[in-house]
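The structure file data.cif is reproduced below (mmCIF, C-alpha atoms).
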```cif
data_start
#
loop_
_atom_site.label_atom_id
_atom_site.label_comp_id
_atom_site.auth_asym_id
_atom_site.auth_seq_id
_atom_site.Cartn_x
_atom_site.Cartn_y
_atom_site.Cartn_z
CA MET J 217 80.61 69.60 106.05
CA PHE J 218 78.72 71.94 108.36
CA LEU J 219 80.01 74.84 106.28
CA LEU J 220 77.59 73.78 103.55
CA ASN J 221 74.62 74.29 105.90
CA ILE J 222 75.84 77.74 106.88
CA LEU J 223 75.96 78.74 103.21
CA ASP J 224 72.41 77.53 102.66
CA ASP J 225 71.14 79.47 105.67
CA THR J 226 72.70 82.86 104.93
CA ASP J 227 70.77 85.12 102.62
CA PRO J 228 72.34 85.63 99.16
CA TYR J 229 71.59 89.35 99.46
CA PHE J 230 74.13 89.47 102.31
CA TRP J 231 76.84 88.25 99.98
CA ALA J 232 75.72 90.38 97.03
CA PHE J 233 75.66 93.68 98.90
CA ILE J 234 79.00 93.00 100.56
CA GLY J 235 80.39 92.30 97.07
CA VAL J 236 79.19 95.66 95.78
CA GLY J 237 80.71 97.42 98.78
CA LEU J 238 84.03 95.65 98.40
CA ALA J 239 84.22 96.41 94.68
CA ILE J 240 84.19 100.13 95.28
CA GLY J 241 85.80 100.29 98.71
CA VAL J 242 88.89 98.18 98.11
CA SER J 243 89.41 99.67 94.61
CA VAL J 244 89.40 103.16 96.06
CA ALA J 245 91.83 102.03 98.76
CA GLY J 246 94.19 100.79 96.05
CA ALA J 247 93.87 104.02 94.09
CA ALA J 248 94.48 106.12 97.18
CA TRP J 249 97.51 104.07 98.16
CA GLY J 250 98.99 104.49 94.68
CA ILE J 251 98.29 108.20 94.62
CA PHE J 252 100.08 108.89 97.87
CA ILE J 253 103.06 106.72 96.94
CA THR J 254 103.47 108.54 93.62
CA GLY J 255 102.54 111.94 94.97
CA THR J 256 105.10 112.03 97.73
CA SER J 257 107.92 111.03 95.38
CA LEU J 258 106.75 113.46 92.71
CA LEU J 259 106.60 116.38 95.13
CA GLY J 260 109.97 115.56 96.62
CA ALA J 261 111.67 115.15 93.25
CA ALA J 262 110.09 118.29 91.80
CA VAL J 263 111.74 120.52 94.40
CA LYS J 264 114.99 120.51 92.43
CA ALA J 265 113.43 119.73 89.03
CA PRO J 266 110.10 121.55 88.75
CA ARG J 267 109.85 120.74 85.03
CA ILE J 268 108.63 117.20 85.84
CA ARG J 269 105.53 118.42 87.66
CA SER J 270 102.96 118.42 84.85
CA LYS J 271 104.21 115.38 82.91
CA ASN J 272 104.17 113.08 85.91
CA LEU J 273 100.56 113.82 86.72
CA ILE J 274 99.94 111.03 84.20
CA SER J 275 101.05 108.55 86.87
CA ILE J 276 98.50 110.02 89.29
CA ILE J 277 95.81 109.69 86.62
CA PHE J 278 96.71 106.02 86.07
CA CYS J 279 96.05 105.44 89.77
CA GLU J 280 92.76 107.34 89.58
CA ALA J 281 91.67 105.11 86.69
CA VAL J 282 91.77 102.20 89.12
CA ALA J 283 89.11 103.87 91.24
CA ILE J 284 87.05 104.52 88.11
CA TYR J 285 87.14 100.78 87.33
CA GLY J 286 85.83 100.12 90.82
CA ILE J 287 82.93 102.53 90.60
CA ILE J 288 81.93 101.26 87.15
CA MET J 289 81.83 97.68 88.38
CA ALA J 290 79.97 98.60 91.57
CA ILE J 291 77.27 100.43 89.58
CA ILE J 292 76.97 97.55 87.09
CA MET J 293 76.66 95.02 89.88
CA GLN J 294 74.11 96.93 91.89
CA THR J 295 71.75 97.17 88.91
CA LYS J 296 71.37 93.39 89.17
CA LEU J 297 70.05 93.56 92.72
CA ASN J 298 66.29 93.57 93.25
CA GLU J 299 64.17 92.06 95.93
CA VAL J 300 62.38 88.79 95.27
CA SER J 301 59.82 87.16 97.51
CA GLU J 302 60.85 83.52 97.04
CA LEU J 303 64.55 82.51 96.88
CA VAL J 304 65.51 79.86 94.30
CA LEU J 305 68.86 78.37 93.30
CA ASP J 306 69.42 81.09 90.69
CA ASP J 307 69.40 83.69 93.46
CA TYR J 308 72.12 81.87 95.38
CA TYR J 309 74.16 81.71 92.15
CA ALA J 310 73.66 85.45 91.67
CA GLY J 311 74.54 86.29 95.26
CA TYR J 312 77.79 84.34 95.26
CA SER J 313 78.80 85.53 91.79
CA ILE J 314 78.34 89.18 92.73
CA PHE J 315 80.26 88.70 96.00
CA TRP J 316 83.24 87.04 94.36
CA ALA J 317 83.18 89.45 91.42
CA GLY J 318 83.35 92.30 93.92
CA MET J 319 86.26 90.65 95.71
CA THR J 320 88.04 90.07 92.39
CA VAL J 321 87.59 93.62 91.17
CA GLY J 322 88.48 95.14 94.52
CA LEU J 323 91.59 93.14 95.25
CA ALA J 324 92.89 93.24 91.67
CA ASN J 325 92.49 97.01 91.71
CA LEU J 326 94.22 97.17 95.11
CA ALA J 327 97.25 95.33 93.71
CA CYS J 328 97.16 97.41 90.53
CA GLY J 329 96.93 100.70 92.40
CA VAL J 330 99.89 99.94 94.63
CA CYS J 331 101.92 98.67 91.66
CA VAL J 332 101.21 101.72 89.52
CA GLY J 333 101.97 103.93 92.50
CA ILE J 334 105.38 102.40 93.08
CA CYS J 335 106.21 102.48 89.36
CA GLY J 336 105.03 106.09 89.15
CA SER J 337 107.24 106.99 92.05
CA GLY J 338 110.24 105.46 90.29
CA CYS J 339 109.22 107.23 87.10
CA ALA J 340 109.15 110.64 88.79
CA LEU J 341 112.51 110.11 90.45
CA ALA J 342 114.14 108.92 87.22
CA ASP J 343 112.58 111.72 85.20
CA ALA J 344 113.95 114.29 87.61
CA GLN J 345 117.49 113.11 86.89
CA ASP J 346 117.21 112.33 83.16
CA GLY J 347 114.26 113.55 81.11
CA SER J 348 114.60 110.86 78.44
CA LEU J 349 113.65 108.15 80.94
CA PHE J 350 110.05 109.30 81.38
CA VAL J 351 108.54 107.51 78.38
CA LYS J 352 110.46 104.29 79.09
CA MET J 353 109.27 104.18 82.68
CA LEU J 354 105.72 104.89 81.51
CA ILE J 355 105.82 101.60 79.55
CA ILE J 356 106.37 99.81 82.86
CA GLU J 357 103.39 101.62 84.39
CA ILE J 358 101.18 100.55 81.51
CA PHE J 359 102.06 96.92 82.22
CA GLY J 360 101.01 97.52 85.81
CA SER J 361 97.70 99.15 84.97
CA ALA J 362 96.69 96.16 82.84
CA LEU J 363 96.14 94.23 86.08
CA GLY J 364 93.16 96.38 87.05
CA LEU J 365 91.66 95.75 83.63
CA PHE J 366 92.00 91.99 84.17
CA GLY J 367 89.95 92.34 87.34
CA VAL J 368 87.21 94.28 85.54
CA ILE J 369 87.08 91.75 82.69
CA ILE J 370 86.70 88.81 85.05
CA GLY J 371 84.17 90.70 87.15
CA ILE J 372 82.00 91.35 84.11
CA ILE J 373 82.28 87.73 82.95
CA MET J 374 81.37 86.44 86.41
CA THR J 375 78.26 88.59 86.81
CA SER J 376 77.05 88.27 83.23
CA ASN J 377 74.50 85.55 84.10
CA ALA J 378 73.62 86.79 87.56
CA ASN J 379 70.11 88.07 88.09
CA PHE J 380 67.60 88.08 90.93
CA ASP J 381 64.15 87.53 89.45
CA MET K 1443 69.64 59.29 117.68
CA HIS K 1444 68.62 57.52 114.48
CA ALA K 1445 67.27 60.80 113.12
CA LEU K 1446 70.55 62.58 113.90
CA LEU K 1447 72.53 59.85 112.12
CA THR K 1448 70.41 60.04 108.96
CA TYR K 1449 70.69 63.86 109.03
CA TYR K 1450 74.48 63.70 109.13
CA LEU K 1451 74.51 61.00 106.43
CA SER K 1452 72.32 63.12 104.18
CA VAL K 1453 74.71 66.06 104.55
CA PHE K 1454 77.65 63.86 103.54
CA LEU K 1455 75.77 62.20 100.71
CA ASP K 1456 74.82 65.58 99.24
CA SER K 1457 78.26 65.86 97.70
CA TYR K 1458 77.81 62.59 95.82
CA THR K 1459 74.79 63.69 93.80
CA ASP K 1460 75.01 65.59 90.57
CA GLU K 1461 72.52 68.29 91.38
CA PRO K 1462 73.89 71.73 92.22
CA THR K 1463 73.70 72.96 95.76
CA SER K 1464 74.09 76.59 96.59
CA SER K 1465 77.48 75.97 98.18
CA SER K 1466 78.92 74.63 94.93
CA PHE K 1467 78.51 78.09 93.36
CA PHE K 1468 80.22 79.67 96.37
CA PHE K 1469 83.35 77.56 95.98
CA GLY K 1470 83.34 77.78 92.18
CA PHE K 1471 83.31 81.56 92.19
CA MET K 1472 85.83 81.61 95.03
CA GLY K 1473 88.15 79.63 92.76
CA CYS K 1474 87.63 82.09 89.92
CA ALA K 1475 88.36 85.03 92.21
CA ALA K 1476 91.37 83.37 93.82
CA ALA K 1477 92.91 82.62 90.41
CA LEU K 1478 92.83 86.23 89.35
CA VAL K 1479 93.43 88.02 92.65
CA PHE K 1480 96.51 86.10 93.78
CA ALA K 1481 98.01 86.14 90.28
CA CYS K 1482 97.43 89.90 90.17
CA PHE K 1483 99.17 90.32 93.52
CA GLY K 1484 102.16 88.39 92.19
CA ALA K 1485 102.23 90.31 88.93
CA ALA K 1486 101.90 93.63 90.75
CA TYR K 1487 104.74 92.79 93.11
CA GLY K 1488 106.95 91.70 90.21
CA THR K 1489 106.17 94.79 88.16
CA ALA K 1490 106.67 97.21 91.04
CA LYS K 1491 109.86 95.71 92.44
CA SER K 1492 111.51 95.37 89.02
CA GLY K 1493 110.28 98.82 88.04
CA VAL K 1494 112.03 100.39 90.99
CA GLY K 1495 115.25 98.63 89.97
CA VAL K 1496 114.91 99.82 86.38
CA SER K 1497 114.31 103.41 87.42
CA ALA K 1498 117.31 103.33 89.73
CA MET K 1499 119.74 101.93 87.19
CA GLY K 1500 118.28 103.90 84.27
CA VAL K 1501 119.67 107.11 85.68
CA MET K 1502 123.24 105.95 85.10
CA ARG K 1503 122.70 103.73 82.02
CA PRO K 1504 119.64 104.95 80.07
CA GLU K 1505 120.53 102.85 77.03
CA LEU K 1506 119.91 99.62 78.99
CA VAL K 1507 116.36 100.48 80.09
CA MET K 1508 114.53 98.84 77.18
CA ARG K 1509 116.42 95.55 77.70
CA SER K 1510 115.61 95.68 81.38
CA ILE K 1511 111.86 95.69 80.80
CA ILE K 1512 112.06 91.88 80.39
CA PRO K 1513 111.35 91.10 84.09
CA ILE K 1514 108.29 93.35 83.94
CA VAL K 1515 106.96 91.56 80.88
CA MET K 1516 107.46 88.20 82.59
CA ALA K 1517 105.58 89.44 85.64
CA GLY K 1518 102.74 90.55 83.38
CA VAL K 1519 102.57 87.06 81.89
CA ILE K 1520 101.79 85.73 85.36
CA GLY K 1521 98.73 87.95 85.43
CA ILE K 1522 97.73 86.44 82.10
CA TYR K 1523 97.98 82.93 83.57
CA GLY K 1524 95.53 83.88 86.31
CA LEU K 1525 93.24 85.52 83.76
CA ILE K 1526 93.19 82.33 81.63
CA ILE K 1527 92.09 80.10 84.52
CA ALA K 1528 89.58 82.68 85.79
CA VAL K 1529 87.94 82.85 82.36
CA ILE K 1530 87.88 79.03 82.03
CA VAL K 1531 86.39 78.56 85.49
CA SER K 1532 83.77 81.31 85.18
CA ALA K 1533 82.64 79.91 81.83
CA ALA K 1534 82.27 76.44 83.37
CA ILE K 1535 79.95 77.57 86.18
CA SER K 1536 76.40 77.14 84.98
CA VAL K 1537 73.20 77.37 86.98
CA SER K 1538 71.73 74.13 85.68
CA SER K 1539 74.28 71.41 86.38
CA TYR K 1540 77.05 72.35 88.78
CA SER K 1541 77.68 69.67 91.40
CA PRO K 1542 79.74 70.27 94.55
CA TYR K 1543 82.42 68.07 92.93
CA LYS K 1544 82.88 70.62 90.16
CA GLY K 1545 82.69 73.48 92.62
CA PHE K 1546 85.52 72.15 94.74
CA ALA K 1547 87.54 71.25 91.62
CA HIS K 1548 87.32 74.80 90.35
CA PHE K 1549 88.21 76.14 93.79
CA ALA K 1550 91.32 73.98 93.76
CA ALA K 1551 92.19 75.14 90.26
CA GLY K 1552 91.94 78.77 91.29
CA LEU K 1553 94.07 78.26 94.36
CA SER K 1554 96.75 76.37 92.44
CA VAL K 1555 97.30 78.95 89.71
CA GLY K 1556 96.76 81.87 92.07
CA LEU K 1557 99.13 80.96 94.86
CA SER K 1558 101.84 79.70 92.52
CA GLY K 1559 101.47 82.88 90.49
CA LEU K 1560 101.83 84.93 93.67
CA ALA K 1561 105.02 83.11 94.59
CA ALA K 1562 106.46 83.29 91.08
CA GLY K 1563 105.63 86.98 90.81
CA MET K 1564 107.45 87.72 94.04
CA ALA K 1565 110.46 85.74 92.84
CA ILE K 1566 110.50 87.50 89.48
CA GLY K 1567 110.26 90.87 91.17
CA ILE K 1568 113.13 90.33 93.57
CA VAL K 1569 115.36 88.64 90.97
CA GLY K 1570 114.51 91.27 88.38
CA ASP K 1571 115.35 94.10 90.74
CA ALA K 1572 118.75 92.64 91.64
CA GLY K 1573 119.35 91.50 88.07
CA VAL K 1574 118.83 94.82 86.31
CA ARG K 1575 120.99 96.63 88.84
CA ALA K 1576 123.76 94.05 88.43
CA THR K 1577 123.48 94.02 84.63
CA ALA K 1578 123.99 97.77 84.55
CA GLN K 1579 127.35 97.34 86.25
CA GLN K 1580 128.41 94.06 84.58
CA PRO K 1581 126.80 93.47 81.15
CA ARG K 1582 127.82 89.79 81.05
CA LEU K 1583 125.25 89.06 83.74
CA PHE K 1584 122.30 89.70 81.42
CA VAL K 1585 122.01 86.08 80.24
CA GLY K 1586 122.29 84.80 83.80
CA MET K 1587 119.46 87.08 84.91
CA ILE K 1588 117.25 85.80 82.08
CA LEU K 1589 117.97 82.18 83.03
CA ILE K 1590 117.02 82.77 86.65
CA LEU K 1591 113.83 84.59 85.59
CA ILE K 1592 112.87 81.68 83.33
CA PHE K 1593 113.15 79.25 86.25
CA ALA K 1594 110.94 81.53 88.33
CA GLU K 1595 108.36 81.79 85.53
CA ALA K 1596 108.29 77.99 85.28
CA LEU K 1597 106.88 77.87 88.81
CA ALA K 1598 103.79 79.75 87.68
CA LEU K 1599 103.59 77.46 84.66
CA TYR K 1600 103.43 74.40 86.94
CA GLY K 1601 100.50 75.97 88.73
CA LEU K 1602 98.81 76.71 85.41
CA ILE K 1603 99.23 73.09 84.26
CA VAL K 1604 97.67 71.69 87.42
CA ALA K 1605 94.87 74.26 87.28
CA LEU K 1606 94.07 73.37 83.68
CA ILE K 1607 93.87 69.70 84.60
CA LEU K 1608 91.64 70.43 87.61
CA SER K 1609 89.33 72.84 85.85
CA THR K 1610 88.48 70.34 83.14
CA LYS K 1611 87.38 67.68 85.63
#
```
Please express what this file holds, its structure, as structure tokens.
Amino acid sequence: MFLLNILDDTDPYFWAFIGVGLAIGVSVAGAAWGIFITGTSLLGAAVKAPRIRSKNLISIIFCEAVAIYGIIMAIIMQTKLNEVSELVLDDYYAGYSIFWAGMTVGLANLACGVCVGICGSGCALADAQDGSLFVKMLIIEIFGSALGLFGVIIGIIMTSNANFD
Amino acid sequence: MHALLTYYLSVFLDSYTDEPTSSSFFFGFMGCAAALVFACFGAAYGTAKSGVGVSAMGVMRPELVMRSIIPIVMAGVIGIYGLIIAVIVSAAISVSSYSPYKGFAHFAAGLSVGLSGLAAGMAIGIVGDAGVRATAQQPRLFVGMILILIFAEALALYGLIVALILSTK
């Protein structure tokens, strides 16, 4: 029960700003992770099959899109932050909603980035051996990239009513 | 001593009133985040692990690749389960009347669908990976792989059922 007092005593701006930082930071970590997983496989496979080089950059771009989701959400969330003199219950609502929206967006994008990276790596390796497999493996990557979109949707829904005023 | 006792009693009794406290929002949103994040981790694991299996077996049997996308679709459905509960919970959190009771209920709902989705996603990924590789070598195993995947998907469904019951409390 003492946890409830701690939550009342910490400033909601603490939570809100950490949420904004997590939204962009963890999303970018997921995108970077995916890019290096795909990139290493792509470069290794393209040694003997250089024709796959340009097509499989699509997988890298799918990973980059995850970072774009993160920056969009971070910019949207930080527009809701402004300083008020007197804190009311609405401000605590806003602080917690922005923090958990940032966690949602960040961690969903982290999972999505790693997933798309691994699928892109498999796509590059399969494409190097049989060119007809590229489009089929891309379908699997599209399923993976939907997860980042889920995070953005929920983040937007969560922060839709959040405002400090 | 008497003052300390009444202070502690007032902290306990806070949960039994209907008015929202700031902590109720914290746990409500934590439930919404947990529902989506853990389900996404499970779906991502399932998609990635099965995808690696598909790409490995697709080199030798390219005609079986479209049938082998079934584990990936089932892993994606787990992400949808988490999305459903996250949307329900975030719509139920309102500034005006949100008691700690509701906050903890939504937190429990998020944990139930999220963690069961994580577990089911991992199961679907590992079974899908082994299943598509085995089906490429022995086509009669396709139905068996589907049956095992259905049992794994049912685990996430159990979590969704409990989360739906909890989130409407």
Note to self: If the cut-off is 8 Å, can you tell me the residues of chain K near chain J, counting all atoms listed in the file? I'd like them as a ChimeraX atom specification.
What the structure shows: /K:1453-1454,1463-1465,1467-1468,1471-1472,1474-1476,1478-1479,1482-1483,1485-1487,1489-1490,1493-1494,1497-1498,1500-1501,1504,1507-1508,1511,1514-1515,1518,1521,1525,1528-1529,1532-1533,1537
| Looking at J:Met293, J:Ala248, J:Ala265, J:Leu365, which one is nearest to Gly235 of chain J, with distances taken over all atoms listed in the file? |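 Using all atoms listed in the file, Gly235 of chain J sits closest to J:Met293.
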Notebook entry, point to check: Expanded to explicit residues, what is the PyMOL selection byres ((chain K and resi 1572) around 12) for this file, as a PyMOL selection string?
Noted result: chain K and resi 1488+1491-1496+1498-1499+1510+1513+1565-1571+1573-1579+1583-1584+1586-1588+1590-1591
Checklist entry - Any idea what the distance is between atom CA of Glu302 of chain J and atom CA of Ala239 of chain J? => result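 Going from atom CA of Glu302 of chain J over to atom CA of Ala239 of chain J covers 26.8 Å.
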* Asked: In Å, with one decimal, what is the gap from atom CA of Gly250 of chain J to atom CA of Ala281 of chain J?
  ->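 If I compute the distance from atom CA of Gly250 of chain J to atom CA of Ala281 of chain J, I get 10.9 Å.
Counting only C-alpha atoms, Val244 of chain J has the following residues at most 8 Å away, ignoring those fewer than 3 positions along the same chain: Ile240, Gly241, Ala247, Ala248, Val282, Ala283, Gly286 and Leu326 of chain J.
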Let me see the file: selected residues, C-alpha atoms, as a short mmCIF file (atom, residue, chain, number, x, y, z; two decimals), in the coordinates of the input.
```cif
data_model
loop_
_atom_site.label_atom_id
_atom_site.label_comp_id
_atom_site.auth_asym_id
_atom_site.auth_seq_id
_atom_site.Cartn_x
_atom_site.Cartn_y
_atom_site.Cartn_z
CA ILE J 240 84.19 100.13 95.28
CA GLY J 241 85.80 100.29 98.71
CA ALA J 247 93.87 104.02 94.09
CA ALA J 248 94.48 106.12 97.18
CA VAL J 282 91.77 102.20 89.12
CA ALA J 283 89.11 103.87 91.24
CA GLY J 286 85.83 100.12 90.82
CA LEU J 326 94.22 97.17 95.11
#
```
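Coordinates place atom CA of Ser1554 of chain K at a distance of 9.2 Å from atom CA of Ile1603 of chain K.
Run against this file, the PyMOL selection byres ((chain J and resi 295) around 12) gives back Ala232, Phe233, Val236, Ile288, Met289, Ala290, Ile291, Ile292, Met293, Gln294, Lys296, Leu297, Asn298, Glu299, Ile314, Thr375, Ser376, Ala378, Asn379 and Phe380 of chain J.
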Residues near Gly1473 of chain K, cut-off 6 Å, all atoms listed in the file, skip fewer than 3 positions along chain, as a PDB file with C-alpha atoms, in the coordinates of the input:
```pdb
ATOM      1  CA  GLY K1470      83.340  77.780  92.180  1.00  0.00           C
ATOM      2  CA  ALA K1476      91.370  83.370  93.820  1.00  0.00           C
ATOM      3  CA  HIS K1548      87.320  74.800  90.350  1.00  0.00           C
ATOM      4  CA  PHE K1549      88.210  76.140  93.790  1.00  0.00           C
ATOM      5  CA  GLY K1552      91.940  78.770  91.290  1.00  0.00           C
TER       6      GLY K1552
END
```
Q | For Glu1595 of chain K: contacts at 10 Å, all atoms listed in the file, fewer than 3 positions along chain excluded, given as an MDAnalysis selection string | A | chainID K and resid 1513 1516:1517 1519:1520 1558:1559 1561:1563 1565:1566 1589:1592 1598:1600
Quick one: of J:Leu303, J:Gly255, J:Leu238, J:Gly260, who's nearest to Leu273 of chain J, counting all atoms listed in the file?
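That would be J:Gly255, the residue with the smallest distance to Leu273 of chain J.
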**Asked** the PyMOL selection byres ((chain K and resi 1611) around 12) on the file shown: which residues, as a VMD selection string?
**Response** chain K and resid 1530 to 1531 1534 1540 to 1541 1543 to 1551 1604 to 1610
